Structure formats: C-alpha cells, structure tokens
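*Asks:* target-v5.csv (CSV, C-alpha atoms) pasted underneath:
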```
chain,number,residue,atom,x,y,z
A,560,MET,CA,-68.7,103.0,109.3
A,561,ASN,CA,-70.8,105.5,111.0
A,562,THR,CA,-72.1,107.3,107.9
A,563,THR,CA,-75.4,107.2,106.2
A,564,HIS,CA,-73.7,106.0,103.1
A,565,ALA,CA,-70.5,104.2,102.1
A,566,PRO,CA,-67.7,106.8,102.5
A,567,ARG,CA,-66.8,108.5,99.3
A,568,ILE,CA,-63.0,108.3,99.1
A,569,ALA,CA,-61.0,110.3,96.5
A,570,ILE,CA,-57.3,109.7,96.0
A,571,VAL,CA,-55.5,112.5,94.1
A,572,GLY,CA,-52.5,111.2,92.3
A,573,ALA,CA,-52.0,108.0,90.2
A,574,GLY,CA,-48.4,107.3,91.3
A,575,PRO,CA,-47.3,104.1,93.1
A,576,GLY,CA,-48.6,105.4,96.4
A,577,GLY,CA,-52.0,106.4,95.3
A,578,LEU,CA,-52.5,103.3,93.2
A,579,THR,CA,-51.3,101.0,96.0
A,580,CYS,CA,-53.8,102.6,98.4
A,581,ALA,CA,-56.7,102.2,95.8
A,582,ARG,CA,-55.8,98.5,95.1
A,583,ILE,CA,-55.8,97.5,98.8
A,584,LEU,CA,-59.0,99.4,99.5
A,585,GLN,CA,-60.7,97.5,96.6
A,586,ARG,CA,-59.4,94.2,97.9
A,587,HIS,CA,-61.4,95.0,101.1
A,588,GLY,CA,-64.5,95.8,99.1
A,589,ILE,CA,-64.2,99.6,99.5
A,590,THR,CA,-65.1,101.9,96.6
A,591,VAL,CA,-62.5,104.5,95.7
A,592,THR,CA,-61.8,107.0,92.9
A,593,VAL,CA,-58.4,108.0,91.8
A,594,LEU,CA,-58.0,111.4,90.0
A,595,ASP,CA,-54.9,112.3,88.1
A,596,ARG,CA,-53.8,115.3,86.0
A,597,ASP,CA,-52.2,113.3,83.3
A,598,ALA,CA,-54.4,113.0,80.1
A,599,GLY,CA,-53.9,109.2,80.3
A,600,PRO,CA,-51.7,106.4,81.5
A,601,ASP,CA,-49.2,106.9,78.6
A,602,ALA,CA,-49.2,110.7,78.7
A,603,ARG,CA,-45.6,111.0,79.8
A,604,ASN,CA,-42.5,108.9,80.5
A,605,GLN,CA,-42.7,107.6,84.0
A,606,GLY,CA,-39.0,108.0,84.7
A,607,GLY,CA,-36.2,105.6,85.7
A,608,THR,CA,-35.9,102.5,87.8
A,609,LEU,CA,-36.4,102.0,91.5
A,610,ASP,CA,-35.9,99.3,94.1
A,611,LEU,CA,-38.6,98.0,96.3
A,612,HIS,CA,-37.4,96.9,99.7
A,613,ALA,CA,-38.5,93.8,101.5
A,614,ASP,CA,-39.4,95.7,104.7
A,615,ASN,CA,-41.7,98.3,103.2
A,616,GLY,CA,-42.5,98.4,99.4
A,617,GLN,CA,-42.7,94.6,99.1
A,618,LEU,CA,-44.9,94.5,102.2
A,619,ALA,CA,-47.4,96.8,100.5
A,620,LEU,CA,-47.4,94.7,97.4
A,621,ARG,CA,-48.0,91.6,99.4
A,622,GLU,CA,-51.1,93.2,101.0
A,623,ALA,CA,-52.1,94.3,97.5
A,624,GLY,CA,-51.9,90.6,96.3
A,625,LEU,CA,-49.3,91.6,93.7
A,626,LEU,CA,-46.0,90.4,95.1
A,627,ASP,CA,-45.6,87.4,92.9
A,628,ALA,CA,-46.4,89.5,89.8
A,629,PHE,CA,-43.8,92.0,90.9
A,630,PHE,CA,-41.1,89.4,91.2
A,631,ARG,CA,-41.9,88.2,87.6
A,632,LEU,CA,-41.3,91.8,86.4
A,633,ALA,CA,-38.4,92.8,88.7
A,634,ARG,CA,-34.7,92.6,88.0
A,635,PRO,CA,-32.8,91.0,90.9
A,636,GLU,CA,-29.6,91.5,89.0
A,637,GLY,CA,-30.2,95.2,89.4
A,638,GLN,CA,-29.1,94.9,93.0
A,639,GLU,CA,-25.5,94.9,91.8
A,640,MET,CA,-23.7,98.0,93.1
A,641,ARG,CA,-20.3,99.4,92.2
A,642,GLN,CA,-18.6,102.3,93.9
A,643,LEU,CA,-15.9,103.8,91.7
A,644,ASP,CA,-13.3,106.6,92.0
A,645,THR,CA,-12.9,109.4,89.6
A,646,ALA,CA,-10.6,107.3,87.4
A,647,GLY,CA,-13.2,104.6,87.1
A,648,THR,CA,-11.4,102.2,89.4
A,649,THR,CA,-13.7,99.9,91.3
A,650,LEU,CA,-13.5,100.5,95.0
A,651,PHE,CA,-16.5,98.3,96.1
A,652,HIS,CA,-18.5,95.8,94.2
A,653,HIS,CA,-21.6,94.1,95.5
A,654,VAL,CA,-22.9,91.2,93.3
A,655,PRO,CA,-26.3,89.9,94.5
A,656,GLU,CA,-26.4,86.2,95.6
A,657,GLU,CA,-28.6,83.7,93.8
A,658,GLY,CA,-32.1,84.2,95.1
A,659,GLU,CA,-31.4,87.6,96.7
A,660,GLN,CA,-34.6,89.6,96.7
A,661,PHE,CA,-34.2,92.2,99.4
A,662,LYS,CA,-34.5,95.2,96.9
A,663,PRO,CA,-34.8,94.1,93.3
A,664,GLU,CA,-35.2,96.8,90.7
A,665,ILE,CA,-38.2,97.5,88.5
A,666,ASP,CA,-38.8,100.3,86.1
A,667,ARG,CA,-41.2,102.9,87.4
A,668,GLY,CA,-43.5,102.5,84.4
A,669,HIS,CA,-43.7,98.7,84.8
A,670,LEU,CA,-44.7,99.1,88.5
A,671,ARG,CA,-47.3,101.7,87.6
A,672,ASP,CA,-48.8,99.4,84.9
A,673,LEU,CA,-48.9,96.5,87.3
A,674,LEU,CA,-50.9,98.6,89.8
A,675,LEU,CA,-53.1,100.1,87.2
A,676,ASP,CA,-54.0,96.8,85.6
A,677,SER,CA,-55.0,95.5,89.1
A,678,LEU,CA,-57.7,98.1,89.6
A,679,SER,CA,-61.4,97.8,88.7
A,680,PRO,CA,-62.1,99.5,85.3
A,681,GLY,CA,-62.9,103.2,85.6
A,682,THR,CA,-61.2,103.6,89.0
A,683,VAL,CA,-58.8,106.2,87.6
A,684,ARG,CA,-60.2,109.4,86.1
A,685,TRP,CA,-57.6,111.0,83.9
A,686,GLY,CA,-57.2,114.7,82.9
A,687,ARG,CA,-58.2,116.0,86.3
A,688,THR,CA,-55.9,118.8,87.4
A,689,LEU,CA,-56.8,119.7,91.0
A,690,THR,CA,-56.8,123.5,91.8
A,691,LYS,CA,-58.1,123.4,95.4
A,692,VAL,CA,-59.9,121.5,98.1
A,693,SER,CA,-62.7,123.3,99.8
A,694,GLY,CA,-65.4,122.5,102.4
A,695,PRO,CA,-65.5,122.3,106.2
A,696,ALA,CA,-63.0,120.1,108.1
A,697,GLU,CA,-65.7,117.8,109.2
A,698,GLY,CA,-66.7,117.3,105.6
A,699,PRO,CA,-67.8,116.7,103.0
A,700,ARG,CA,-64.9,118.1,101.0
A,701,THR,CA,-65.2,119.5,97.4
A,702,LEU,CA,-62.3,119.0,94.9
A,703,HIS,CA,-62.1,121.7,92.3
A,704,PHE,CA,-60.5,120.9,88.9
A,705,ALA,CA,-59.0,123.1,86.2
A,706,ASP,CA,-61.7,122.0,83.7
A,707,GLY,CA,-64.4,123.4,86.0
A,708,THR,CA,-65.7,120.1,87.3
A,709,THR,CA,-66.0,119.2,91.0
A,710,VAL,CA,-66.0,116.0,93.0
A,711,GLU,CA,-67.4,115.7,96.6
A,712,ALA,CA,-65.7,113.3,99.0
A,713,ASP,CA,-65.9,112.2,102.6
A,714,LEU,CA,-62.1,111.6,102.6
A,715,VAL,CA,-59.5,113.1,100.3
A,716,ILE,CA,-56.1,111.4,100.2
A,717,GLY,CA,-53.3,113.5,98.9
A,718,ALA,CA,-50.9,111.2,96.9
A,719,ASP,CA,-50.1,114.1,94.5
A,720,GLY,CA,-46.4,114.3,95.2
A,721,ALA,CA,-43.9,117.0,96.0
A,722,TRP,CA,-46.0,120.0,94.9
A,723,SER,CA,-49.2,118.6,96.4
A,724,THR,CA,-52.4,120.7,96.0
A,725,VAL,CA,-54.1,118.6,98.6
A,726,ARG,CA,-51.4,119.4,101.1
A,727,ARG,CA,-52.6,123.1,101.1
A,728,ALA,CA,-55.8,122.0,102.7
A,729,VAL,CA,-54.1,121.0,105.9
A,730,SER,CA,-50.5,122.5,105.8
A,731,PRO,CA,-48.8,125.7,104.8
A,732,ALA,CA,-45.5,123.9,104.2
A,733,THR,CA,-43.8,124.1,100.8
A,734,PRO,CA,-40.8,122.2,99.6
A,735,ARG,CA,-37.4,124.0,99.9
A,736,TYR,CA,-34.5,123.5,97.6
A,737,THR,CA,-31.8,121.4,99.3
A,738,GLY,CA,-28.9,123.0,97.4
A,739,VAL,CA,-28.2,119.8,95.4
A,740,SER,CA,-29.3,119.2,91.8
A,741,PHE,CA,-29.5,116.0,89.8
A,742,LEU,CA,-29.1,116.4,86.0
A,743,GLU,CA,-30.3,113.3,84.2
A,744,ALA,CA,-28.5,111.9,81.1
A,745,ARG,CA,-30.0,109.0,79.2
A,746,PHE,CA,-28.2,106.3,77.2
A,747,ASP,CA,-30.1,104.0,74.8
A,748,ASP,CA,-29.1,100.7,73.2
A,749,VAL,CA,-26.2,100.6,75.5
A,750,GLU,CA,-24.8,97.2,74.7
A,751,GLU,CA,-24.3,98.1,71.1
A,752,ARG,CA,-24.0,101.9,71.0
A,753,HIS,CA,-22.4,102.5,74.4
A,754,PRO,CA,-20.5,99.4,75.4
A,755,ARG,CA,-17.9,101.2,77.6
A,756,VAL,CA,-20.7,102.8,79.6
A,757,ALA,CA,-22.5,99.4,79.9
A,758,GLY,CA,-19.3,97.8,81.1
A,759,LEU,CA,-18.7,100.5,83.7
A,760,VAL,CA,-22.2,100.4,85.1
A,761,GLY,CA,-22.8,96.6,85.0
A,762,GLN,CA,-26.3,95.2,85.5
A,763,GLY,CA,-27.2,97.4,88.5
A,764,SER,CA,-25.8,100.8,89.4
A,765,ALA,CA,-22.4,102.6,89.8
A,766,ALA,CA,-21.5,105.7,91.8
A,767,ALA,CA,-18.5,107.9,92.1
A,768,ALA,CA,-17.8,111.2,93.9
A,769,ASP,CA,-15.0,113.6,94.7
A,770,GLY,CA,-16.4,115.5,97.6
A,771,GLU,CA,-17.8,118.3,95.5
A,772,ARG,CA,-19.7,116.5,92.7
A,773,ALA,CA,-20.8,113.0,92.0
A,774,LEU,CA,-22.2,110.7,89.3
A,775,PHE,CA,-24.8,107.9,89.8
A,776,ALA,CA,-25.5,105.6,86.9
A,777,GLN,CA,-28.3,103.0,86.9
A,778,ARG,CA,-29.3,100.3,84.5
A,779,ASN,CA,-32.9,100.3,83.3
A,780,SER,CA,-34.8,97.7,81.4
A,781,GLY,CA,-34.8,97.7,77.6
A,782,ASP,CA,-31.1,98.2,77.3
A,783,HIS,CA,-31.2,101.8,78.8
A,784,ILE,CA,-29.0,103.5,81.4
A,785,ARG,CA,-29.7,106.7,83.2
A,786,VAL,CA,-26.9,108.8,84.7
A,787,TYR,CA,-27.5,111.4,87.3
A,788,VAL,CA,-24.9,114.2,87.5
A,789,ILE,CA,-25.0,115.4,91.1
A,790,GLN,CA,-23.8,118.9,92.0
A,791,GLN,CA,-24.2,121.4,94.8
A,792,VAL,CA,-25.4,124.4,92.7
A,793,PRO,CA,-28.0,127.1,92.8
A,794,ALA,CA,-31.4,125.9,91.6
A,795,ASP,CA,-31.1,128.1,88.5
A,796,TRP,CA,-27.6,127.1,87.7
A,797,ILE,CA,-28.4,126.5,84.0
A,798,THR,CA,-29.9,129.9,83.3
A,799,GLY,CA,-27.2,131.4,85.6
A,800,ALA,CA,-24.6,130.0,83.1
A,801,GLY,CA,-26.5,131.8,80.3
A,802,LEU,CA,-28.0,128.6,79.0
A,803,THR,CA,-31.4,127.1,78.5
A,804,PRO,CA,-32.4,123.5,79.6
A,805,ASP,CA,-32.6,122.4,75.9
A,806,ASP,CA,-29.1,123.7,75.1
A,807,THR,CA,-27.5,120.2,75.3
A,808,ASP,CA,-24.2,121.2,73.8
A,809,GLY,CA,-23.8,124.2,76.1
A,810,ILE,CA,-24.7,122.2,79.3
A,811,ARG,CA,-22.3,119.5,78.2
A,812,ARG,CA,-19.4,122.1,77.8
A,813,VAL,CA,-20.1,123.3,81.4
A,814,LEU,CA,-20.1,119.8,82.8
A,815,LEU,CA,-16.9,118.8,81.1
A,816,GLU,CA,-15.2,121.8,82.6
A,817,ARG,CA,-16.5,121.0,86.1
A,818,TYR,CA,-15.5,117.3,85.7
A,819,ALA,CA,-12.2,118.1,83.9
A,820,HIS,CA,-10.1,116.2,86.5
A,821,TRP,CA,-12.1,113.0,86.1
A,822,SER,CA,-10.9,110.4,83.7
A,823,PRO,CA,-12.1,110.3,80.1
A,824,ARG,CA,-14.0,107.0,80.7
A,825,MET,CA,-15.9,108.6,83.6
A,826,ARG,CA,-16.6,111.8,81.7
A,827,GLU,CA,-18.2,109.7,79.0
A,828,LEU,CA,-21.1,109.2,81.5
A,829,ILE,CA,-21.9,112.9,81.3
A,830,ALA,CA,-21.0,113.7,77.7
A,831,GLY,CA,-22.0,110.7,75.6
A,832,ASN,CA,-25.7,110.8,76.3
A,833,ASP,CA,-28.5,110.4,73.8
A,834,GLY,CA,-30.9,113.4,73.7
A,835,PRO,CA,-31.2,116.3,76.1
A,836,TYR,CA,-30.4,116.5,79.8
A,837,VAL,CA,-33.2,116.7,82.3
A,838,ASP,CA,-32.8,119.1,85.2
A,839,ARG,CA,-34.0,117.7,88.5
A,840,PRO,CA,-33.2,120.0,91.5
A,841,ILE,CA,-33.8,118.3,94.8
A,842,PHE,CA,-36.4,119.7,97.1
A,843,ALA,CA,-37.5,118.6,100.6
A,844,LEU,CA,-40.1,119.4,103.2
A,845,PRO,CA,-39.3,120.8,106.6
A,846,VAL,CA,-38.5,118.2,109.3
A,847,PRO,CA,-40.7,117.4,111.1
A,848,HIS,CA,-43.6,118.1,108.8
A,849,THR,CA,-46.8,118.0,110.8
A,850,TRP,CA,-50.3,119.4,110.4
A,851,ASP,CA,-53.5,119.8,112.4
A,852,GLN,CA,-55.3,116.6,112.0
A,853,SER,CA,-58.4,116.7,109.8
A,854,PRO,CA,-61.0,113.9,109.7
A,855,THR,CA,-61.5,114.4,106.0
A,856,VAL,CA,-58.0,115.0,104.5
A,857,THR,CA,-54.7,113.1,104.9
A,858,LEU,CA,-51.5,112.8,103.0
A,859,LEU,CA,-49.1,110.0,101.9
A,860,GLY,CA,-45.7,109.8,100.2
A,861,ASP,CA,-44.0,112.9,99.0
A,862,ALA,CA,-47.1,115.0,99.8
A,863,ALA,CA,-46.5,114.1,103.4
A,864,HIS,CA,-42.7,113.8,103.7
A,865,LEU,CA,-40.7,114.8,100.7
A,866,MET,CA,-37.1,113.8,101.3
A,867,PRO,CA,-33.8,113.6,99.3
A,868,PRO,CA,-33.7,110.6,96.8
A,869,LEU,CA,-31.9,108.1,99.1
A,870,GLY,CA,-33.8,105.0,98.1
A,871,VAL,CA,-36.8,105.5,100.5
A,872,GLY,CA,-39.3,107.7,98.6
A,873,VAL,CA,-41.4,105.2,96.7
A,874,ASN,CA,-41.0,102.6,99.4
A,875,LEU,CA,-42.3,104.9,102.1
A,876,ALA,CA,-45.2,106.0,99.9
A,877,MET,CA,-46.3,102.5,99.3
A,878,LEU,CA,-46.0,101.6,103.0
A,879,ASP,CA,-48.0,104.7,103.8
A,880,ALA,CA,-50.6,103.7,101.3
A,881,CYS,CA,-50.9,100.2,102.7
A,882,GLU,CA,-51.2,101.3,106.3
A,883,LEU,CA,-53.8,104.0,105.4
A,884,ALA,CA,-55.9,101.5,103.4
A,885,LEU,CA,-55.8,98.9,106.2
A,886,ALA,CA,-56.8,101.6,108.7
A,887,ILE,CA,-59.8,102.5,106.6
A,888,ALA,CA,-60.8,98.9,106.3
A,889,HIS,CA,-60.5,98.1,110.0
A,890,ASN,CA,-61.8,101.2,111.7
A,891,GLY,CA,-65.4,102.3,112.3
A,892,THR,CA,-65.2,105.7,110.6
A,893,VAL,CA,-62.8,107.5,108.2
A,894,ALA,CA,-62.0,109.9,111.0
A,895,GLU,CA,-60.8,107.1,113.2
A,896,ALA,CA,-58.9,105.6,110.3
A,897,VAL,CA,-57.1,108.9,109.7
A,898,ARG,CA,-56.1,109.2,113.3
A,899,ALA,CA,-54.8,105.7,113.5
A,900,TYR,CA,-52.8,106.0,110.3
A,901,GLU,CA,-51.2,109.4,111.1
A,902,ARG,CA,-50.3,108.2,114.6
A,903,THR,CA,-47.9,105.7,112.9
A,904,MET,CA,-47.0,107.5,109.7
A,905,VAL,CA,-46.0,110.9,111.0
A,906,PRO,CA,-43.5,109.7,113.6
A,907,ARG,CA,-42.0,107.1,111.2
A,908,SER,CA,-41.5,109.6,108.4
A,909,THR,CA,-40.0,112.1,110.9
A,910,GLU,CA,-37.6,109.6,112.2
A,911,THR,CA,-36.6,108.6,108.7
A,912,ALA,CA,-36.1,112.2,107.6
A,913,ARG,CA,-33.9,112.9,110.7
A,914,LEU,CA,-31.8,109.8,110.0
A,915,LEU,CA,-31.3,111.3,106.5
A,916,ASP,CA,-30.5,114.7,107.9
A,917,GLY,CA,-27.4,116.0,106.2
A,918,ALA,CA,-27.5,113.1,103.7
A,919,THR,CA,-28.1,115.4,100.8
A,920,ALA,CA,-24.6,116.8,101.2
A,921,GLY,CA,-23.4,113.2,101.7
A,922,LEU,CA,-24.4,112.5,98.1
A,923,LEU,CA,-21.3,114.3,97.1
A,924,SER,CA,-19.0,112.5,99.5
A,925,THR,CA,-16.4,109.9,98.5
A,926,GLU,CA,-18.2,107.6,101.0
A,927,LEU,CA,-21.5,107.5,99.0
A,928,PRO,CA,-24.5,106.0,100.8
A,929,ASP,CA,-26.5,103.2,99.2
A,930,PHE,CA,-29.1,105.4,97.6
A,931,ALA,CA,-31.4,104.1,94.9
A,932,GLY,CA,-31.0,106.5,92.0
A,933,ALA,CA,-33.5,109.3,92.3
A,934,ASP,CA,-36.5,107.0,92.6
A,935,ARG,CA,-38.8,110.0,92.2
A,936,ALA,CA,-37.4,110.9,88.9
```
Will you turn the file into structure tokens for me?

*Replies:*
Amino acid sequence: MNTTHAPRIAIVGAGPGGLTCARILQRHGITVTVLDRDAGPDARNQGGTLDLHADNGQLALREAGLLDAFFRLARPEGQEMRQLDTAGTTLFHHVPEEGEQFKPEIDRGHLRDLLLDSLSPGTVRWGRTLTKVSGPAEGPRTLHFADGTTVEADLVIGADGAWSTVRRAVSPATPRYTGVSFLEARFDDVEERHPRVAGLVGQGSAAAADGERALFAQRNSGDHIRVYVIQQVPADWITGAGLTPDDTDGIRRVLLERYAHWSPRMRELIAGNDGPYVDRPIFALPVPHTWDQSPTVTLLGDAAHLMPPLGVGVNLAMLDACELALAIAHNGTVAEAVRAYERTMVPRSTETARLLDGATAGLLSTELPDFAGADRA
C-alpha cells in the first residue's frame, strides 16, 4: 500500500461483522485493532439465535476459514418453521431435509465466541466507548473514547451497530422508529417446565399473526425459547400505558387484553415467560442511505444499512465485512479499497432495503414472511 507504514486499521464494534472483518484481515497478514464498549466478552447476554445463509453469512465464514467449525456448532434442525393461526392450528410446516444446510441456526453468543477465539490475542480492546471521530478526511483519524484515551488510525471501520458513533463522521442520518415494536419473552428449561410451549414451537421457529399483531417464537440452544410479541404501537407504549419496563405483571395484563381473542395455548407464549420482558422497538435508516465517500472512514452492517429484522441483518453485516477485508487485502491503498467496497456494498444494501420496503408492516400480516427472529436482538 502506498503509505510509509502499514495502515493502522481500527474496527469499532466487536459484533459478528466487526469480528469477521478482523479475522479475514488477519488471515491476509494485515494488522487490525478492534475496539468495543463492553467491559469484556462476557459483559452482557448476546441475545437470541440467528440463521446464517449459504449465499452471504456462510460465504464470509468460508473466507474466514471457520465454516467447518460453524457447522459443528450450528443447529440444522433449527431450520424447522411452523406458521400457525391464532388458535394454534398449524397452517404450514417446513421440516428440513437430511443434510439441509441453507440457513442453520446458531446462538449469537456461540457465533461471537467462534470469531473471538479465531483472532490473535490482544486484537480486541474492551471497555472503549467511542465518543467521536476527529481528524481530516484524508487522515489520519483520531478516535476519542469516554475514558479520555485516543487511538490514531489510517482507516476507521464503523461496525458499531444501529446507533453508530462512527457513522456521524460521514453521515448525518439517524435511525427512525418504524412504528413496530418487538417485546421479547424468555422461556427456560422448556422441555420440563414449559412442555406445551416446546411442543408448539418445535425445534425451530413458529409464527402467527392476525393482521394487527403477531407472535414469533424461536428455539435457542440450552433448552431455551425466545418469543417476540410484535405490535404496531408508539415507541413509548409501555410508559404510555402507565407502566415501567420492569413491571412484568402490568405488561402481561396489557398483552393479555390485546391478545384476548387468541387461544389460551397461544396466549401462553406471551404470559408464561420466565423473568422480565425486553422491549425492542424496531428502527431503520432512510433508504437509500448514502454518504460522501471518505478514504479513511467506512461503515458495515447496521451502521451502514439498518433494516427491519427480516433475517438479513447479520448475514449482510458479515458479507460486508468479508468484502471490505478482501478489498483492503487486494487493493494498493486503503482509499482504493474503500472505493471498491462501497461501490458494491451501497447498491446491494439499497436494493435489499427496497425489497423489504413495507415489510415491517408485513410482520403483522397473516401471510408472514420467512424472517429470522430479530437476529439483531
């Protein structure tokens, strides 16, 4: 590369996208640092399960040299899908064939551990909350952190999610509430303690909707199930009802009223949960989301193209990461690499977002799409 030193590359965000990018860069002998706000890898629960598609997420893992390890961890039985009506009657049932591997499930935490363990020791620096990116567009850039420290970089990669701080260096766009909220309910030790829920959901996922509200339930590893209560409501619907997010009993009463015409076996999915609900309002970036190209800052995943949770989020983030890392490895300068990457990534993400246009409302339709269970949760 046409610099006096090896380019200093900083990735902000140790999610699947950022870690995939770091792994592929290291496989090509390129030094990279990942900075994340979490205090450590086990600072918080990584959320539910997600599926990795053969035509994007799995492609990235193959380039990372981790595809075989992924298949050892993944749950192909998680590709089972049931569509139910409000009485709990099965309307559609897909059972994966023997050897079917198009989009097997893996818990988000297991995927993150797989990627973390593949990196050189010391690659990830924990406890770094980014507050801003400064410096001229031509570089170098300075990353400022809440603890007063700074890091200088020739290329800053924003893999820091929906509310990306890196994004502000190149784009004024901010996520907007879509009008649809997911409320997560967790069930533990389901085979013993919640056998009816386990039977209803099966080994994969189950969905039902009535045109105004929906439920999406998904099996996780470790005998857990997560259910997402999907409603078209104001973003502050909980406080608007005079409740607080930790008022589990109060929220449960509201939900039972709203789902009163659903059968008792279906209402068990929203009222029999273990522990509190988790409110997850769904935000998205404007479409298309573009920015003035910078030779020293670029974005991937939700930082670049936040979309509704229709099974593409993590897969696109990992594909972005793969293509960006390969562009850096195979172009003469980081500026050329950024241009090559964005020429492909921006049109692809825009096309995907347009295909999903209006799909958020479709989450409530009785003709539910095959979405993958809030894979950003």

*Asks:* When you count only C-alpha atoms, which of these residues is closest to A:Ala819: A:Ala899, A:Val725, A:Ala646, A:Ala619?

*Replies:*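 Of all the options, A:Ala646 lies closest to A:Ala819.
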
*Asks:* Residues at most 10 Å from A:Gly781, counting all atoms listed in the file, excluding those fewer than 4 positions away in the same chain, as a PDB file with C-alpha atoms, in the frame of the given file?

*Replies:*
```pdb
ATOM      1  CA  ASP A 666     -38.800 100.300  86.100  1.00  0.00           C
ATOM      2  CA  ASP A 747     -30.100 104.000  74.800  1.00  0.00           C
ATOM      3  CA  ASP A 748     -29.100 100.700  73.200  1.00  0.00           C
ATOM      4  CA  VAL A 749     -26.200 100.600  75.500  1.00  0.00           C
TER       5      VAL A 749
END
```

*Asks:* Can you measure atom CA of A:Asp627 to atom CA of A:Val683 for me? One decimal in Å is fine.

*Replies:*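 Going from atom CA of A:Asp627 over to atom CA of A:Val683, I get 23.6 Å.
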
*Asks:* Of the candidates A:Arg582, A:His669, A:Arg913, A:Arg785, which shows the shortest atom-to-atom distance to A:Leu883, using only C-alpha atoms?

*Replies:* A:Arg582

*Asks:* Could you jot down the atom CA of A:Ile589 to atom CA of A:Ile665 separation for me, Å, one decimal place?

*Replies:*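 Answer for the atom CA of A:Ile589 to atom CA of A:Ile665 separation: 28.3 Å.
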
*Asks:* A:Gly717, A:Gly647, A:Pro566, A:Gly770: which is nearest A:Ser822, counting all atoms listed in the file?

*Replies:* A:Gly647

*Asks:* Could you tell me how far atom CA of A:Pro793 lies from atom CA of A:Glu743, in Å and to one decimal?

*Replies:*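 Atom-to-atom, atom CA of A:Pro793 to atom CA of A:Glu743, that is 16.4 Å.
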